[in-house]
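*Asks:* Encoded as structure tokens, here's the structure I'll be asking about.
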Amino acid sequence: MTDAITQALAEVGPRLKRVRTQRRVTLADLSTATGISKSTLSRLESGQRKPSLELLLPIAQAHQVPLDELVGAPEVGDPRVRLTARRIPRHNGAAMTVLPLTRQPGAPQAFKMILEPETGEPDPQVHEGYEWLYVLSGRLRLVLADRDMVLGSGEAAEFDTRLPHWFGAVDRPAEILSLFGKQGERLHLRAKSR
């Protein structure tokens with residue numbers, strides 16, 4: 001089971017309770033409407049019982065809400081990616097805000113990142129994959145193996161992430177696009193010469 005599915009299942013209980021309490025429905029009332037025992041409904045809401053269609057369908061019908069609303073299922077058929085920003089702490093109190101731009105698992109993955117400037121020395125890391133970075137605004141310091149460089153707005157870099165690497169903002173926040181392939185796919189920027 002993927003992390004996303006595990007997370008979605010963990011959120012069903014609190015979502016069931018929130019929908020019920022917002023409608024000011026008691027467990028006893030919901031039990032009467034669905035034919036599901038109060039103890040089963042309580043265990044569903046607390047996460048002590050795994051949700052199943054046999055349990056969720058009568059609850060959705062009783063509340064007159066789509067099943068998707070109870071389970072937090074992603075919208076189907078809509079090509080738009082719903083941006084959900086995550087703020088990730090980095091060294092020395094700085095952070096980066098990451099917005100996934102792709103929603104399908106696998107590679108390549110696209111991200112928009114806003115990096116806050118960091119103080120202190122870079123801490124290069126290695127992992128499987130291949131990364132392509134494009135600086136939208138600000139300046140980005142890239143440490144790649146024994147090279148230390150600064151990229152400005154409109155510049156791009158691509159590299160094998162098995163090389164020790166680190167990147168961070170210089171002076172002020174930097175906004176970048178990142179394409180990342182876990183299996184090491186090479187991502188190429190193709191441009192016509194002027």
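Every chain in the structure tokens has a letter given in the order shown (A, B, ...), and although residue numbers restart at 1 in each chain, ligands are simply numbered from 1 in the order shown.
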Can you pull out every residue within 7 Å of region 171-183 of chain A, counting only C-alpha atoms, but drop anything in the same chain fewer than 5 positions away, and send it as a PyMOL selection string?

*Replies:* chain A and resi 107-117+128-140

*Asks:* Write down as a ChimeraX atom specification the residues belonging to chain A that are assigned alpha helix (DSSP H) by DSSP computed on the backbone.

*Replies:* /A:3-22,27-34,38-46,53-63,67-71

*Asks:* Go ahead and dump the residues you just picked, C-alpha atoms, as a PDB file, in the first residue's frame.

*Replies:*
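Heads up, here's the output in out01.pdb:
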```
ATOM      1  CA  ASP A   3       1.973   6.195   1.574  1.00  0.00           C
ATOM      2  CA  ALA A   4      -0.773   8.243  -0.119  1.00  0.00           C
ATOM      3  CA  ILE A   5      -3.332   5.434   0.310  1.00  0.00           C
ATOM      4  CA  THR A   6      -2.281   4.823   3.912  1.00  0.00           C
ATOM      5  CA  GLN A   7      -2.602   8.563   4.621  1.00  0.00           C
ATOM      6  CA  ALA A   8      -6.020   8.780   2.909  1.00  0.00           C
ATOM      7  CA  LEU A   9      -7.298   5.813   4.946  1.00  0.00           C
ATOM      8  CA  ALA A  10      -5.980   7.367   8.180  1.00  0.00           C
ATOM      9  CA  GLU A  11      -7.922  10.570   7.427  1.00  0.00           C
ATOM     10  CA  VAL A  12     -11.283   8.823   6.840  1.00  0.00           C
ATOM     11  CA  GLY A  13     -12.136   8.519  10.554  1.00  0.00           C
ATOM     12  CA  PRO A  14     -11.603  12.195  11.419  1.00  0.00           C
ATOM     13  CA  ARG A  15     -13.454  13.171   8.232  1.00  0.00           C
ATOM     14  CA  LEU A  16     -16.438  10.970   9.178  1.00  0.00           C
ATOM     15  CA  LYS A  17     -16.583  12.538  12.621  1.00  0.00           C
ATOM     16  CA  ARG A  18     -16.263  16.076  11.220  1.00  0.00           C
ATOM     17  CA  VAL A  19     -19.120  15.525   8.723  1.00  0.00           C
ATOM     18  CA  ARG A  20     -21.335  14.030  11.444  1.00  0.00           C
ATOM     19  CA  THR A  21     -20.657  16.762  14.020  1.00  0.00           C
ATOM     20  CA  GLN A  22     -21.050  19.577  11.474  1.00  0.00           C
ATOM     21  CA  LEU A  27     -23.905   8.415  16.797  1.00  0.00           C
ATOM     22  CA  ALA A  28     -27.293   7.009  17.848  1.00  0.00           C
ATOM     23  CA  ASP A  29     -29.093   8.944  15.084  1.00  0.00           C
ATOM     24  CA  LEU A  30     -26.540   7.835  12.469  1.00  0.00           C
ATOM     25  CA  SER A  31     -26.814   4.240  13.705  1.00  0.00           C
ATOM     26  CA  THR A  32     -30.592   4.350  13.235  1.00  0.00           C
ATOM     27  CA  ALA A  33     -30.255   5.874   9.749  1.00  0.00           C
ATOM     28  CA  THR A  34     -27.597   3.418   8.516  1.00  0.00           C
ATOM     29  CA  LYS A  38     -22.915   2.846  17.412  1.00  0.00           C
ATOM     30  CA  SER A  39     -19.765   0.993  18.487  1.00  0.00           C
ATOM     31  CA  THR A  40     -18.787   0.307  14.845  1.00  0.00           C
ATOM     32  CA  LEU A  41     -19.409   3.961  13.912  1.00  0.00           C
ATOM     33  CA  SER A  42     -17.334   5.106  16.900  1.00  0.00           C
ATOM     34  CA  ARG A  43     -14.463   2.750  15.985  1.00  0.00           C
ATOM     35  CA  LEU A  44     -14.572   4.015  12.373  1.00  0.00           C
ATOM     36  CA  GLU A  45     -14.326   7.631  13.538  1.00  0.00           C
ATOM     37  CA  SER A  46     -11.461   6.872  15.940  1.00  0.00           C
ATOM     38  CA  LEU A  53     -17.549   0.246   1.099  1.00  0.00           C
ATOM     39  CA  GLU A  54     -20.194  -1.703   3.026  1.00  0.00           C
ATOM     40  CA  LEU A  55     -19.826   0.809   5.875  1.00  0.00           C
ATOM     41  CA  LEU A  56     -19.072   4.013   3.951  1.00  0.00           C
ATOM     42  CA  LEU A  57     -21.890   3.823   1.384  1.00  0.00           C
ATOM     43  CA  PRO A  58     -24.744   3.893   3.956  1.00  0.00           C
ATOM     44  CA  ILE A  59     -22.988   6.717   5.846  1.00  0.00           C
ATOM     45  CA  ALA A  60     -22.580   8.773   2.650  1.00  0.00           C
ATOM     46  CA  GLN A  61     -26.248   8.161   1.831  1.00  0.00           C
ATOM     47  CA  ALA A  62     -27.380   9.147   5.333  1.00  0.00           C
ATOM     48  CA  HIS A  63     -25.398  12.402   5.197  1.00  0.00           C
ATOM     49  CA  LEU A  67     -18.498   9.049  -1.127  1.00  0.00           C
ATOM     50  CA  ASP A  68     -15.470  10.995  -2.410  1.00  0.00           C
ATOM     51  CA  GLU A  69     -16.111  13.626   0.252  1.00  0.00           C
ATOM     52  CA  LEU A  70     -15.921  11.013   3.011  1.00  0.00           C
ATOM     53  CA  VAL A  71     -12.725   9.356   1.787  1.00  0.00           C
TER      54      VAL A  71
END
```

*Asks:* Neighbouring residues of Glu121 (chain A) were defined as those with any atom within 12 Å, considering only C-alpha atoms; residues of the same chain fewer than 5 positions away were excluded. Please report them as JSON, numbers by chain.

*Replies:* {"A": [91, 92, 141, 143, 148, 166, 167, 168]}

*Asks:* Quick one, how far is CA of Gly120 (chain A) from CA of Gly93 (chain A)?

*Replies:*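 We find that CA of Gly120 (chain A) and CA of Gly93 (chain A) lie 10.7 Å from each other.
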
*Asks:* When you count only C-alpha atoms, which of these residues is closest to Val98 (chain A): A:Val126, A:Ala156, A:Leu83, A:Leu151?

*Replies:*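 Looking only at the distances to Val98 (chain A), the closest residue turns out to be A:Leu83.
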
*Asks:* Residues of region 22-177 of chain A in strand (DSSP E) according to DSSP, as a PyMOL selection string?

*Replies:* chain A and resi 86-89+95-100+109-115+130-137+140-144+147-151+156-160+165-169+174-177

*Asks:* Please report the interatomic distance between CA of Pro164 (chain A) and CA of Asp123 (chain A) in Å with one decimal.

*Replies:*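 According to the coordinates, CA of Pro164 (chain A) and CA of Asp123 (chain A) are separated by 8.9 Å.
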
*Asks:* Go ahead and compute the interatomic distance for CA of Arg49 (chain A) and CA of Ser37 (chain A), in Å to one decimal.

*Replies:*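 Result for CA of Arg49 (chain A) versus CA of Ser37 (chain A): 12.6 Å, one decimal.
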
*Asks:* Name the closest residue to Leu144 (chain A) among the candidates A:His165, A:Pro66, A:His127, A:Lys50; distances are taken between atoms, counting only C-alpha atoms.

*Replies:*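 So, comparing all the options, the nearest one is A:His165.
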